[in-house]
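**Q** Structure file data_23.txt (compact mmCIF, C-alpha atoms and all ligand atoms) is given on the next line.
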```
# COMPACT_ATOMS: atom_id res chain seq x y z
CA MET A 1 0.00 0.00 0.00
CA THR A 2 1.64 3.17 -1.13
CA CYS A 3 1.15 6.82 -0.24
CA ASN A 4 -1.81 8.61 -1.79
CA HIS A 5 0.30 11.62 -2.60
CA HIS A 6 0.82 12.15 -6.29
CA ASN A 7 3.77 10.13 -7.60
CA CYS A 8 4.83 8.88 -4.19
CA ASP A 9 5.90 5.27 -3.80
CA TYR A 10 6.52 5.16 -0.07
CA SER A 11 4.34 3.05 2.12
CA LYS A 12 1.45 4.49 4.02
CA TYR A 13 2.04 5.75 7.54
CA GLU A 14 -0.90 7.92 8.59
CA ASN A 15 -4.18 8.87 6.88
CA ASP A 16 -3.24 7.04 3.67
CA LEU A 17 -0.07 9.12 3.36
CA CYS A 18 3.58 8.25 3.86
CA ILE A 19 5.64 9.54 6.75
CA PHE A 20 6.92 12.42 4.60
CA HIS A 21 3.59 13.59 3.26
CA CYS A 22 1.31 13.09 6.24
CA ASP A 23 0.22 16.32 7.94
CA LYS A 24 1.75 15.49 11.39
CA GLN A 25 -0.99 17.35 13.24
CA GLU A 26 -1.12 14.67 15.89
CA TRP A 27 2.63 14.61 16.40
CA VAL A 28 2.59 17.64 18.63
CA ASN A 29 1.75 17.42 22.26
CA GLU A 30 -0.66 20.35 22.54
CA ASP A 31 -0.47 20.38 26.33
CA TYR A 32 3.22 21.05 26.28
CA GLU A 33 3.76 24.60 27.44
CA ILE A 34 7.12 25.43 25.98
CA ASP A 35 7.03 26.53 22.37
CA ASP A 36 9.74 26.08 19.79
CA THR A 37 11.47 23.14 21.32
CA LEU A 38 12.03 19.72 20.02
CA GLU A 39 10.41 18.40 23.18
CA LYS A 40 6.89 19.32 22.19
CA TRP A 41 7.08 16.77 19.39
CA ASP A 42 6.31 13.12 19.87
CA LYS A 43 9.76 11.71 20.42
CA TYR A 44 9.21 8.32 18.82
CA LYS A 45 7.56 9.62 15.71
CA ILE A 46 10.28 12.20 15.23
CA GLU A 47 12.99 9.61 15.59
CA PHE A 48 11.26 7.34 13.15
CA PHE A 49 10.81 10.22 10.68
CA TRP A 50 14.51 11.17 10.71
CA GLU A 51 15.61 7.57 10.48
CA LYS A 52 13.54 7.22 7.30
CA PHE A 53 14.52 10.63 6.02
CA ASN A 54 18.24 10.08 6.44
CA SER A 55 18.11 6.89 4.47
CA LEU A 56 16.50 8.62 1.47
CA GLU A 57 18.33 8.40 -1.81
CA GLU A 58 16.77 11.20 -3.79
CA ASN A 59 17.86 14.82 -3.74
CA GLN A 60 14.72 16.54 -4.83
CA LEU A 61 12.07 16.48 -2.14
CA ASN A 62 8.60 17.49 -3.25
CA GLN A 63 5.89 18.69 -0.90
CA TYR A 64 7.29 17.00 2.18
CA ILE A 65 6.02 18.12 5.52
CA PHE A 66 8.72 18.50 8.14
CA PRO A 67 8.45 18.52 11.91
CA TYR A 68 11.23 20.20 13.91
CA PHE A 69 14.17 20.11 11.54
CA SER A 70 17.63 19.76 12.95
CA ASN A 71 20.60 18.26 11.25
CA GLU A 72 24.15 18.47 12.38
CA GLU A 73 26.33 16.44 10.10
CA TYR A 74 26.92 16.00 6.40
CA LYS A 75 24.21 13.82 4.92
CA LYS A 76 23.97 14.81 1.30
CA ASP A 77 25.87 16.23 -1.60
CA GLU A 78 22.95 18.34 -2.57
CA VAL A 79 19.32 18.67 -1.67
CA SER A 80 16.46 20.65 -3.06
CA PHE A 81 13.29 21.25 -1.06
CA GLU A 82 10.40 21.92 -3.44
CA GLU A 83 7.11 23.23 -2.06
CA CYS A 84 7.86 21.70 1.30
CA LEU A 85 6.18 22.73 4.52
CA PHE A 86 8.29 23.27 7.64
CA LEU A 87 6.13 23.14 10.73
CA ASP A 88 8.78 24.17 13.22
CA ASP A 89 12.29 25.62 13.43
CA VAL A 90 14.88 24.68 10.85
CA ILE A 91 18.44 24.23 12.07
CA ILE A 92 20.87 23.13 9.40
CA LYS A 93 24.51 22.57 10.24
CA ASN A 94 26.83 21.10 7.67
CA TYR A 95 24.03 19.13 6.09
CA VAL A 96 25.00 19.37 2.43
CA LYS A 97 28.36 19.42 0.71
CA ASN A 98 27.46 21.34 -2.45
CA LYS A 99 23.97 22.66 -2.82
CA LEU A 100 21.10 23.60 -0.56
CA GLU A 101 17.98 24.81 -2.28
CA PHE A 102 14.56 25.90 -1.07
CA ASN A 103 11.93 26.64 -3.70
CA ASN A 104 8.36 27.70 -2.95
CA CYS A 105 8.57 26.38 0.57
CA THR A 106 6.37 27.45 3.45
CA PHE A 107 7.84 28.04 6.88
CA LYS A 108 5.95 28.22 10.13
CA SER A 109 9.33 28.48 11.86
CA SER A 110 10.40 31.24 14.16
CA THR A 111 14.03 30.40 13.40
CA ILE A 112 15.75 29.29 10.25
CA ASN A 113 19.40 28.87 11.05
CA ILE A 114 21.92 27.72 8.48
CA LYS A 115 25.58 27.04 9.12
CA ASN A 116 26.97 25.24 6.13
CA ASP A 117 29.89 25.78 3.76
CA MET A 118 28.63 25.10 0.26
CA GLU A 119 28.81 25.97 -3.39
CA PHE A 120 25.15 26.89 -3.90
CA PHE A 121 22.57 28.27 -1.54
CA ILE A 122 19.20 29.13 -3.08
CA PHE A 123 16.26 30.46 -1.13
CA ASN A 124 13.50 31.34 -3.54
CA GLN A 125 9.80 32.22 -3.35
CA SER A 126 9.55 31.14 0.23
CA LEU A 127 6.53 31.96 2.27
CA ILE A 128 7.35 32.88 5.85
CA GLU A 129 4.21 32.52 7.93
CA ASN A 130 5.67 33.43 11.30
CA ASN A 131 5.95 37.21 11.53
CA SER A 132 8.76 37.19 14.04
CA CYS A 133 10.81 34.73 12.02
CA VAL A 134 14.58 35.21 11.98
CA ILE A 135 16.44 33.72 9.06
CA GLU A 136 20.12 33.55 9.83
CA ILE A 137 23.00 32.36 7.69
CA GLN A 138 25.98 31.99 9.98
CA GLU A 139 29.65 31.14 9.77
CA SER A 140 29.33 29.82 6.25
CA LYS A 141 31.51 30.06 3.23
CA ILE A 142 29.19 30.17 0.23
CA ILE A 143 30.26 30.53 -3.37
CA ASN A 144 26.88 31.23 -4.95
CA SER A 145 24.01 32.45 -2.84
CA GLU A 146 20.71 33.73 -4.13
CA ILE A 147 17.84 34.86 -1.98
CA SER A 148 14.82 36.06 -3.88
CA ASN A 149 11.14 36.82 -3.45
CA LEU A 150 11.26 36.73 0.30
CA LYS A 151 8.09 38.54 1.27
CA ASN A 152 7.27 39.05 4.88
CA LYS A 153 7.66 42.60 6.05
CA PHE A 154 7.97 41.50 9.67
CA CYS A 155 10.76 38.97 9.36
CA THR A 156 14.50 39.39 9.78
CA PHE A 157 17.25 38.22 7.47
CA ILE A 158 20.83 38.05 8.70
CA PHE A 159 24.14 37.10 7.15
CA GLN A 160 26.61 36.78 9.99
CA ASN A 161 30.32 35.88 9.97
CA CYS A 162 30.12 34.67 6.38
CA ILE A 163 32.51 34.55 3.47
CA LEU A 164 30.70 35.16 0.22
CA GLU A 165 31.67 35.07 -3.40
CA LYS A 166 28.65 35.67 -5.58
CA CYS A 167 25.68 36.82 -3.61
CA LYS A 168 22.30 38.09 -4.77
CA PHE A 169 19.50 39.31 -2.57
CA ILE A 170 16.61 40.36 -4.78
CA LYS A 171 12.91 41.23 -4.98
CA SER A 172 12.23 41.01 -1.29
CA GLU A 173 10.49 42.81 1.49
CA THR A 174 11.60 42.17 5.07
CA LYS A 175 11.67 44.07 8.30
CA VAL A 176 15.41 43.75 8.79
CA LEU A 177 18.22 43.00 6.39
CA ASN A 178 21.49 42.70 8.24
CA MET A 179 24.93 41.79 6.95
CA ASN A 180 27.31 41.58 9.85
CA ASN A 181 30.97 40.65 9.60
CA VAL A 182 30.79 39.52 6.00
CA LYS A 183 33.86 39.09 3.87
CA LEU A 184 33.57 39.43 0.10
CA VAL A 185 36.51 37.58 -1.39
CA GLU A 186 38.52 38.60 -4.42
CA LYS A 187 36.50 38.95 -7.66
CA SER A 188 33.26 38.48 -5.77
CA THR A 189 30.02 40.28 -6.56
CA LEU A 190 27.20 41.38 -4.31
CA ILE A 191 23.89 42.46 -5.79
CA ILE A 192 21.09 43.73 -3.60
CA GLU A 193 18.15 44.62 -5.79
CA ASN A 194 14.48 45.64 -5.56
CA ILE A 195 14.35 45.59 -1.80
CA VAL A 196 12.05 47.34 0.65
CA VAL A 197 13.23 47.04 4.26
CA GLU A 198 12.45 48.78 7.49
CA LYS A 199 15.97 48.41 8.89
CA PHE A 200 19.08 47.97 6.83
CA TYR A 201 22.33 47.24 8.64
CA LEU A 202 25.67 46.69 6.96
CA GLU A 203 28.40 46.17 9.49
CA LYS A 204 31.99 45.07 9.13
CA VAL A 205 31.83 44.24 5.45
CA SER A 206 35.35 43.83 4.15
CA GLN A 207 35.71 43.42 0.47
CA LYS A 208 37.88 42.82 -2.51
CA ALA A 209 34.81 42.54 -4.68
CA ASP A 210 34.65 43.26 -8.38
CA TYR A 211 31.57 45.25 -7.59
CA ILE A 212 28.75 45.77 -5.16
CA GLN A 213 25.44 46.94 -6.57
CA PHE A 214 22.49 48.38 -4.72
CA ASN A 215 19.64 48.65 -7.21
CA ASN A 216 16.25 50.08 -6.25
CA ILE A 217 16.60 49.95 -2.49
CA LYS A 218 14.10 51.61 -0.23
CA ILE A 219 14.71 51.90 3.51
CA LEU A 220 11.87 52.96 5.75
CA LYS A 221 13.17 53.30 9.29
CA TYR A 222 16.85 52.77 10.10
CA LEU A 223 20.07 52.66 8.15
CA LYS A 224 23.43 51.77 9.57
CA PHE A 225 26.72 51.53 7.71
CA HIS A 226 29.53 50.56 10.05
CA LYS A 227 33.09 49.67 9.05
CA ILE A 228 32.55 49.21 5.33
CA GLU A 229 34.56 50.09 2.28
CA PHE A 230 32.33 51.06 -0.62
CA ALA A 231 35.00 50.78 -3.30
CA ASN A 232 33.47 49.70 -6.63
CA THR A 233 30.04 50.13 -5.17
CA TYR A 234 27.14 51.37 -7.26
CA PHE A 235 24.20 53.00 -5.57
CA ASN A 236 21.49 52.89 -8.23
CA ASN A 237 18.30 54.36 -6.85
CA PHE A 238 19.10 54.00 -3.17
CA ASN A 239 16.27 55.67 -1.33
CA ILE A 240 16.58 56.77 2.29
CA GLU A 241 14.41 59.83 1.75
CA GLU A 242 11.51 58.66 3.90
CA ILE A 243 13.45 57.23 6.82
CA THR A 244 11.61 57.94 10.06
CA GLY A 245 14.32 56.72 12.45
CA SER A 246 18.03 57.36 12.37
CA ILE A 247 20.79 57.11 9.80
CA THR A 248 24.24 56.18 11.10
CA ILE A 249 27.37 56.12 9.01
CA ASP A 250 30.46 55.19 10.97
CA LYS A 251 34.04 54.29 10.03
CA THR A 252 32.90 53.87 6.44
CA SER A 253 34.79 54.73 3.31
CA PHE A 254 32.98 55.96 0.21
CA ASP A 255 36.16 56.22 -1.80
CA GLY A 256 35.33 54.71 -5.19
CA ALA A 257 31.57 54.63 -4.65
CA LYS A 258 29.34 55.66 -7.55
CA PHE A 259 26.09 57.39 -6.82
CA ASN A 260 23.53 57.05 -9.58
CA LEU A 261 20.45 58.39 -7.89
CA PHE A 262 20.94 58.27 -4.16
CA LEU A 263 17.92 59.90 -2.55
CA TRP A 264 19.37 61.24 0.68
CA GLY A 265 16.36 63.17 1.96
CA ASN A 266 17.09 65.24 5.02
CA ILE A 267 20.84 64.80 5.48
CA SER A 268 20.86 66.62 8.81
CA LYS A 269 19.44 63.34 10.20
CA ILE A 270 22.68 61.53 9.43
CA ASN A 271 24.88 60.64 12.39
CA ALA A 272 28.38 60.65 11.00
CA SER A 273 31.79 62.13 11.60
CA ARG A 274 33.16 65.22 9.87
CA ASP A 275 35.42 62.97 7.87
CA THR A 276 32.49 60.97 6.48
CA PHE A 277 30.77 64.17 5.34
CA ARG A 278 34.04 65.39 3.83
CA GLN A 279 34.38 62.12 1.90
CA LEU A 280 30.80 62.26 0.66
CA LYS A 281 31.36 65.86 -0.42
CA TYR A 282 34.53 64.84 -2.23
CA VAL A 283 32.96 61.84 -4.01
CA LEU A 284 29.91 63.84 -5.08
CA ASP A 285 32.09 66.72 -6.26
CA GLU A 286 34.06 64.23 -8.36
CA GLN A 287 30.79 63.05 -9.90
CA GLU A 288 29.79 66.66 -10.53
CA ASP A 289 26.81 66.55 -8.22
CA TYR A 290 27.68 69.96 -6.79
CA ILE A 291 24.34 70.61 -5.16
CA GLN A 292 24.44 67.50 -2.95
CA ALA A 293 28.19 67.98 -2.43
CA ASN A 294 27.45 71.46 -1.06
CA ASN A 295 24.90 70.03 1.34
CA PHE A 296 27.51 67.62 2.68
CA PHE A 297 29.98 70.50 2.87
CA VAL A 298 27.57 72.32 5.17
CA MET A 299 27.26 69.18 7.33
CA GLU A 300 31.06 68.97 7.42
CA MET A 301 31.16 72.59 8.62
CA LYS A 302 28.52 71.92 11.26
CA LYS A 303 30.61 69.05 12.59
CA TYR A 304 33.66 71.31 12.49
CA LYS A 305 31.73 73.88 14.50
CA GLU A 306 30.98 71.23 17.14
CA GLU A 307 34.67 70.31 17.22
CA LEU A 308 35.71 73.93 17.63
CA LYS A 309 33.26 74.41 20.48
CA THR A 310 35.09 71.80 22.52
CA LYS A 311 38.47 73.46 21.89
CA SER A 312 39.87 76.62 23.41
CA GLY A 313 42.97 78.85 23.39
CA VAL A 314 44.89 78.83 20.12
CA TYR A 315 41.79 77.91 18.12
CA TRP A 316 40.27 81.40 18.41
CA GLN A 317 41.43 82.25 14.88
CA ASP A 318 39.77 79.13 13.45
CA LYS A 319 36.61 79.96 15.36
CA LEU A 320 36.60 83.55 14.10
CA ILE A 321 37.12 82.61 10.46
CA PHE A 322 34.53 79.85 10.75
CA SER A 323 31.97 82.20 12.22
CA ILE A 324 32.63 84.85 9.56
CA ASN A 325 32.30 82.29 6.77
CA GLU A 326 29.05 81.05 8.19
CA HIS A 327 27.50 84.49 8.55
CA ILE A 328 28.69 86.13 5.38
CA SER A 329 27.81 83.48 2.83
CA ASP A 330 26.69 80.34 4.70
CA PHE A 331 29.98 78.70 3.68
CA GLY A 332 29.87 79.94 0.13
CA ARG A 333 26.36 78.68 -0.52
CA ASN A 334 24.48 81.95 -0.36
CA TRP A 335 25.58 84.68 -2.79
CA PHE A 336 22.58 86.82 -1.97
CA LEU A 337 23.58 86.99 1.69
CA SER A 338 27.09 88.18 0.83
CA MET A 339 25.63 90.80 -1.52
CA LEU A 340 23.46 92.11 1.30
CA TRP A 341 26.51 92.26 3.52
CA PHE A 342 28.30 94.32 0.89
CA LEU A 343 25.44 96.83 0.81
CA ALA A 344 25.18 96.86 4.58
CA ILE A 345 28.89 97.48 5.16
CA SER A 346 29.05 100.16 2.46
CA LEU A 347 26.02 101.99 3.76
CA PHE A 348 27.12 101.72 7.36
CA LEU A 349 30.62 103.07 6.81
CA LEU A 350 29.39 105.85 4.54
CA ASN A 351 26.90 106.76 7.19
CA ILE A 352 29.60 107.00 9.86
CA LEU A 353 31.53 109.19 7.45
CA ASN A 354 28.56 111.45 6.89
CA LEU A 355 27.88 111.62 10.60
CA HIS A 356 31.43 112.82 11.08
CA CYS A 357 31.02 115.48 8.39
CA SER A 358 27.73 116.80 9.70
CA ASN A 359 28.44 116.25 13.39
CA ASP A 360 24.88 114.98 13.61
CA TYR A 361 24.90 111.93 15.85
CA ASN A 362 21.14 111.40 15.98
CA HIS A 363 21.30 108.62 13.43
CA ILE A 364 23.90 106.38 15.04
CA PHE A 365 21.35 104.52 17.07
CA PRO A 366 18.97 103.45 14.24
CA TYR A 367 21.90 102.42 12.05
CA SER A 368 23.45 100.32 14.75
CA ILE A 369 20.13 98.64 15.38
CA SER A 370 19.74 97.91 11.66
CA LEU A 371 23.14 96.30 11.42
CA PHE A 372 22.55 94.27 14.53
CA LEU A 373 19.24 93.02 13.13
CA ILE A 374 20.92 92.01 9.90
CA TYR A 375 23.48 90.10 11.93
CA LEU A 376 20.69 88.31 13.80
CA GLY A 377 18.87 87.58 10.54
CA SER A 378 22.02 86.05 9.06
CA ILE A 379 22.42 83.76 12.07
CA LYS A 380 18.97 82.36 11.57
CA ASN A 381 19.45 82.41 7.83
CA LYS A 382 16.11 84.02 7.25
CA LEU A 383 16.81 85.75 3.98
CA PHE A 384 13.45 87.40 3.91
CA ASN A 385 14.11 89.12 7.26
CA ILE A 386 17.47 90.43 6.13
CA THR A 387 16.07 91.70 2.85
CA ALA A 388 13.25 93.46 4.63
CA ILE A 389 15.61 95.10 7.11
CA MET A 390 17.94 96.10 4.28
CA LEU A 391 15.07 97.73 2.41
CA VAL A 392 14.03 99.76 5.44
CA PHE A 393 17.64 100.63 6.03
CA ASN A 394 18.08 101.79 2.42
CA LEU A 395 14.91 103.82 2.36
CA TYR A 396 15.80 105.48 5.60
CA TYR A 397 19.23 106.27 4.29
CA SER A 398 18.12 107.62 0.93
CA TYR A 399 15.80 109.96 2.77
CA MET A 400 18.87 111.56 4.34
CA VAL A 401 21.67 111.65 1.77
CA ASP A 402 21.99 111.56 -1.97
CA TYR A 403 22.89 108.36 -3.72
CA ASN A 404 25.71 109.92 -5.60
CA SER A 405 28.05 109.88 -2.64
CA PHE A 406 27.06 106.30 -1.97
CA ASN A 407 27.94 105.37 -5.54
CA GLN A 408 31.33 106.98 -5.24
CA PHE A 409 32.05 105.51 -1.86
CA ALA A 410 30.86 101.98 -2.55
CA ASN A 411 32.17 101.72 -6.10
CA PHE A 412 34.61 98.96 -5.66
CA LEU A 413 36.32 99.51 -8.99
CA ASN A 414 37.12 103.09 -8.09
CA LEU A 415 40.20 102.59 -5.98
CA LYS A 416 41.43 106.16 -6.15
CA LEU A 417 40.65 108.11 -3.02
CA GLN A 418 38.05 110.78 -3.87
CA ASN A 419 38.62 114.35 -2.78
CA GLU A 420 35.52 114.52 -0.69
CA PHE A 421 36.65 111.52 1.38
CA LYS A 422 40.21 112.71 1.77
CA ASN A 423 39.95 113.45 5.46
CA TYR A 424 38.46 110.04 6.06
CA SER A 425 40.97 107.82 4.31
CA PHE A 426 40.81 105.30 7.16
CA LEU A 427 37.08 104.68 6.59
CA TRP A 428 37.72 104.52 2.86
CA PHE A 429 40.42 101.93 3.43
CA MET A 430 38.28 99.97 5.90
CA HIS A 431 35.51 99.83 3.35
CA LYS A 432 37.75 98.48 0.60
CA LEU A 433 39.20 95.88 2.98
CA LEU A 434 35.86 94.63 4.29
CA ALA A 435 34.12 94.90 0.92
CA SER A 436 36.85 92.89 -0.82
CA PHE A 437 36.42 90.17 1.79
CA VAL A 438 32.66 90.08 1.34
CA LEU A 439 32.90 90.23 -2.45
CA TYR A 440 35.33 87.34 -2.36
CA HIS A 441 32.59 85.33 -0.65
CA PHE A 442 30.08 86.55 -3.23
CA VAL A 443 32.27 85.31 -6.10
CA ILE A 444 32.88 81.95 -4.39
CA ALA A 445 29.16 81.47 -3.81
CA ILE A 446 28.29 82.37 -7.40
CA ARG A 447 30.97 79.97 -8.65
CA ARG A 448 29.71 77.14 -6.43
CA GLN A 449 26.23 77.47 -7.80
CA THR A 450 27.09 77.88 -11.45
CA LYS A 451 29.94 75.35 -11.65
CA ARG A 452 29.43 72.95 -14.52
ZN ZN A 501 4.20 10.15 0.20
```
Let me see the file written as structure tokens.

**A**
Amino acid sequence: MTCNHHNCDYSKYENDLCIFHCDKQEWVNEDYEIDDTLEKWDKYKIEFFWEKFNSLEENQLNQYIFPYFSNEEYKKDEVSFEECLFLDDVIIKNYVKNKLEFNNCTFKSSTINIKNDMEFFIFNQSLIENNSCVIEIQESKIINSEISNLKNKFCTFIFQNCILEKCKFIKSETKVLNMNNVKLVEKSTLIIENIVVEKFYLEKVSQKADYIQFNNIKILKYLKFHKIEFANTYFNNFNIEEITGSITIDKTSFDGAKFNLFLWGNISKINASRDTFRQLKYVLDEQEDYIQANNFFVMEMKKYKEELKTKSGVYWQDKLIFSINEHISDFGRNWFLSMLWFLAISLFLLNILNLHCSNDYNHIFPYSISLFLIYLGSIKNKLFNITAIMLVFNLYYSYMVDYNSFNQFANFLNLKLQNEFKNYSFLWFMHKLLASFVLYHFVIAIRRQTKR
């Protein structure tokens, strides 16, 4: 009497089905309180099952139903599980010599743990029914690994302490994708493609790979890059724009990385060192993405500001220059701000000059207030405020003096000291000195934004 399952020649065991195809519903002791242990299974039936299973000749196993699966020694050269159902945890340790393949399998497991050096590891179209399932590939040296169509947005996938050669992780949606302490050997390739994950962690990935490709990656909550070299790494549509949690980039080198559409989103969320921002700026500058490079430059400066805050004494010059750069042109990003500063300085000095000539000191107070407000506006970077204050300032000024003297005084190209300013050569000189400094910032900012 053989099994009723299609094309199965094994003898019947339960409900007209063989030991491999029977549903095993009665094998579990329902009263047993501890979940996820071998002990909840009927000991004798399990032993009998594995005795039969280990004596199997074939390599392709179709629609088998497995109880708790644990195997700790080499049993096969290769095995392929096709549409199998795993009722409990799957622990595989050195089970196959060459190839381990799962196709269209269903897992009720909370743990799938694989520790096996092999040539091929394929995990395709698997249905993970347990939402807290952790799939972990550990301490394995795998030449070809391919994980595809893994769709359970609550499960976790981990590569830990592995040596990989050709690895693909594609078309999947998981809660966590974590590669921790992974070595990519010489001429290896790593392709991670069409992935949506909540948390993406890459830690301690050392590599001599031909290339690493990230294609169409979307990360929703956390991103962590720690101790990785992204040489020969292509970021093709890598989207961290909508991350709600944190982004950490630590001890990571981007030297040799290629960014083809990296959607950074709000980069002020990124926890990274000044050096990381400097590298990102450098790499993006090299790839002529000046806008994003400038954003990283600003982050680099912010980090530098934090560094300077913790220092004292001889760093006062650095602090002063830093502060001036920030306020005059927002580190060469804001040409309009530096232009306003030029007008403000010119008007202010000319006003002092006129006050001296007329001996009328009534206007010192409003001018000082105006300049102070502009300074405050520049700190908060509210361009609209500064412009508004400048306009009021200008109108107020034009009400008092004629523009002609302003033109002569502020004309930067006219270096010859005018007769009417002869007695005030110091102010004239001060203006040229300060104006040249501000105009230098103006030119830098214009260049940054028009560089092609
Ligand atoms: Zn059967």

**Q** Would you kindly return, as a VMD selection string, each protein, DNA or RNA residue with an atom no farther than 12 Å from any atom of A:Ser329, considering only C-alpha atoms and excluding same-chain residues fewer than 2 positions away?

**A** chain A and resid 298 322 to 327 331 to 342 378 to 379 381 383 437 to 446 448

**Q** Go through A:Phe20, A:Phe157, A:Phe107, A:Tyr13 and flag the residue nearest ligand ZN 501 (chain A), using all atoms listed in the file for the distances.

**A**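 So, comparing all the options, the nearest one is A:Phe20.
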
**Q** Step by step, measure atom-to-atom distances between ligand ZN 501 (chain A) and each residue using all atoms listed in the file, keep those at most 9 Å, then write them as a ChimeraX atom specification.

**A** /A:2-13,16-22,63-64

**Q** Here is a test: counting only C-alpha atoms, which residue of A:Ile247, A:Ile191, A:Leu164, A:Ile91 is nearest to A:Ser206?

**A**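 Checking each candidate against A:Ser206, we get A:Leu164 as the closest.
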
**Q** Can you pull out the residues contacting A:Asp289? Cut-off 12 Å, using all atoms listed in the file, and skip same-chain residues under 6 positions away; I want them as a PDB file with C-alpha atoms, in the frame of the given file.

**A**
```pdb
ATOM      1  CA  LYS A 258      29.340  55.660  -7.550  1.00  0.00           C
ATOM      2  CA  PHE A 259      26.090  57.390  -6.820  1.00  0.00           C
ATOM      3  CA  ASN A 260      23.530  57.050  -9.580  1.00  0.00           C
ATOM      4  CA  LEU A 261      20.450  58.390  -7.890  1.00  0.00           C
ATOM      5  CA  PHE A 262      20.940  58.270  -4.160  1.00  0.00           C
ATOM      6  CA  LEU A 280      30.800  62.260   0.660  1.00  0.00           C
ATOM      7  CA  LYS A 281      31.360  65.860  -0.420  1.00  0.00           C
ATOM      8  CA  TYR A 282      34.530  64.840  -2.230  1.00  0.00           C
ATOM      9  CA  VAL A 283      32.960  61.840  -4.010  1.00  0.00           C
ATOM     10  CA  ASN A 295      24.900  70.030   1.340  1.00  0.00           C
ATOM     11  CA  PHE A 296      27.510  67.620   2.680  1.00  0.00           C
ATOM     12  CA  ARG A 448      29.710  77.140  -6.430  1.00  0.00           C
ATOM     13  CA  GLN A 449      26.230  77.470  -7.800  1.00  0.00           C
ATOM     14  CA  THR A 450      27.090  77.880 -11.450  1.00  0.00           C
ATOM     15  CA  LYS A 451      29.940  75.350 -11.650  1.00  0.00           C
ATOM     16  CA  ARG A 452      29.430  72.950 -14.520  1.00  0.00           C
TER      17      ARG A 452
END
```

**Q** Tell me, as a list in words, which residues lie within 12 Å of A:Phe53, counting only C-alpha atoms; anything in the same chain fewer than 4 positions away does not count.

**A** Tyr10, Cys18, Ile19, Phe20, His21, Lys45, Ile46, Glu47, Phe48, Phe49, Glu57, Glu58, Asn59, Leu61, Tyr64, Ile65, Phe66, Pro67, Phe69, Ser70, Asn71, Lys75 and Lys76 of chain A

**Q** Write a file of the just-selected residues containing C-alpha atoms, as a PDB file, in the coordinates of the input.

**A**
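Generated file (selection_27.pdb):
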```
ATOM      1  CA  TYR A  10       6.520   5.160  -0.070  1.00  0.00           C
ATOM      2  CA  CYS A  18       3.580   8.250   3.860  1.00  0.00           C
ATOM      3  CA  ILE A  19       5.640   9.540   6.750  1.00  0.00           C
ATOM      4  CA  PHE A  20       6.920  12.420   4.600  1.00  0.00           C
ATOM      5  CA  HIS A  21       3.590  13.590   3.260  1.00  0.00           C
ATOM      6  CA  LYS A  45       7.560   9.620  15.710  1.00  0.00           C
ATOM      7  CA  ILE A  46      10.280  12.200  15.230  1.00  0.00           C
ATOM      8  CA  GLU A  47      12.990   9.610  15.590  1.00  0.00           C
ATOM      9  CA  PHE A  48      11.260   7.340  13.150  1.00  0.00           C
ATOM     10  CA  PHE A  49      10.810  10.220  10.680  1.00  0.00           C
ATOM     11  CA  GLU A  57      18.330   8.400  -1.810  1.00  0.00           C
ATOM     12  CA  GLU A  58      16.770  11.200  -3.790  1.00  0.00           C
ATOM     13  CA  ASN A  59      17.860  14.820  -3.740  1.00  0.00           C
ATOM     14  CA  LEU A  61      12.070  16.480  -2.140  1.00  0.00           C
ATOM     15  CA  TYR A  64       7.290  17.000   2.180  1.00  0.00           C
ATOM     16  CA  ILE A  65       6.020  18.120   5.520  1.00  0.00           C
ATOM     17  CA  PHE A  66       8.720  18.500   8.140  1.00  0.00           C
ATOM     18  CA  PRO A  67       8.450  18.520  11.910  1.00  0.00           C
ATOM     19  CA  PHE A  69      14.170  20.110  11.540  1.00  0.00           C
ATOM     20  CA  SER A  70      17.630  19.760  12.950  1.00  0.00           C
ATOM     21  CA  ASN A  71      20.600  18.260  11.250  1.00  0.00           C
ATOM     22  CA  LYS A  75      24.210  13.820   4.920  1.00  0.00           C
ATOM     23  CA  LYS A  76      23.970  14.810   1.300  1.00  0.00           C
TER      24      LYS A  76
END
```

**Q** Calculate how many Å separate atom CA of A:Ile321 from atom CA of A:Arg274, rounding to one decimal.

**A**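 So the two atoms, atom CA of A:Ile321 and atom CA of A:Arg274, lie 17.8 Å apart.
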
**Q** Given the choices A:Glu198, A:Glu306, A:Asp88, A:Glu286, which gets closest to A:Glu39 if the distance is worked out from only C-alpha atoms?

**A**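 For A:Glu39, the nearest of the given residues is A:Asp88.
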
**Q** Please identify all polymer residues within 9 Å of A:Ile147, counting all atoms listed in the file, omitting same-chain residues fewer than 3 positions from it, and present them as a VMD selection string.

**A** chain A and resid 121 to 125 150 167 to 172

**Q** Please, what distance in Å, to one decimal, runs between atom CA of A:Ser145 and atom CA of A:Gln60?

**A**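 Separating atom CA of A:Ser145 from atom CA of A:Gln60 is a distance of 18.5 Å.
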
**Q** Between atom CA of A:Phe159 and atom CA of A:Trp41, what is the distance in Å, rounded to a tenth?

**A**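 Value for the atom CA of A:Phe159-atom CA of A:Trp41 distance: 29.2 Å.
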
**Q** What lies within 6 Å of A:Asn144 using all atoms listed in the file, ignoring chain neighbours under 3 positions off, as a ChimeraX atom specification?

**A** /A:119-120,166-167

**Q** Put those residues in a file: C-alpha atoms, as a tab-separated table (two decimals), keeping the file's coordinate frame.

**A**
```
chain	number	residue	atom	x	y	z
A	119	GLU	CA	28.81	25.97	-3.39
A	120	PHE	CA	25.15	26.89	-3.90
A	166	LYS	CA	28.65	35.67	-5.58
A	167	CYS	CA	25.68	36.82	-3.61
```

**Q** Rank nothing, just name the residue among A:Tyr95, A:Phe225, A:Tyr44, A:Phe372 nearest to A:Phe200, using all atoms listed in the file.

**A** A:Phe225
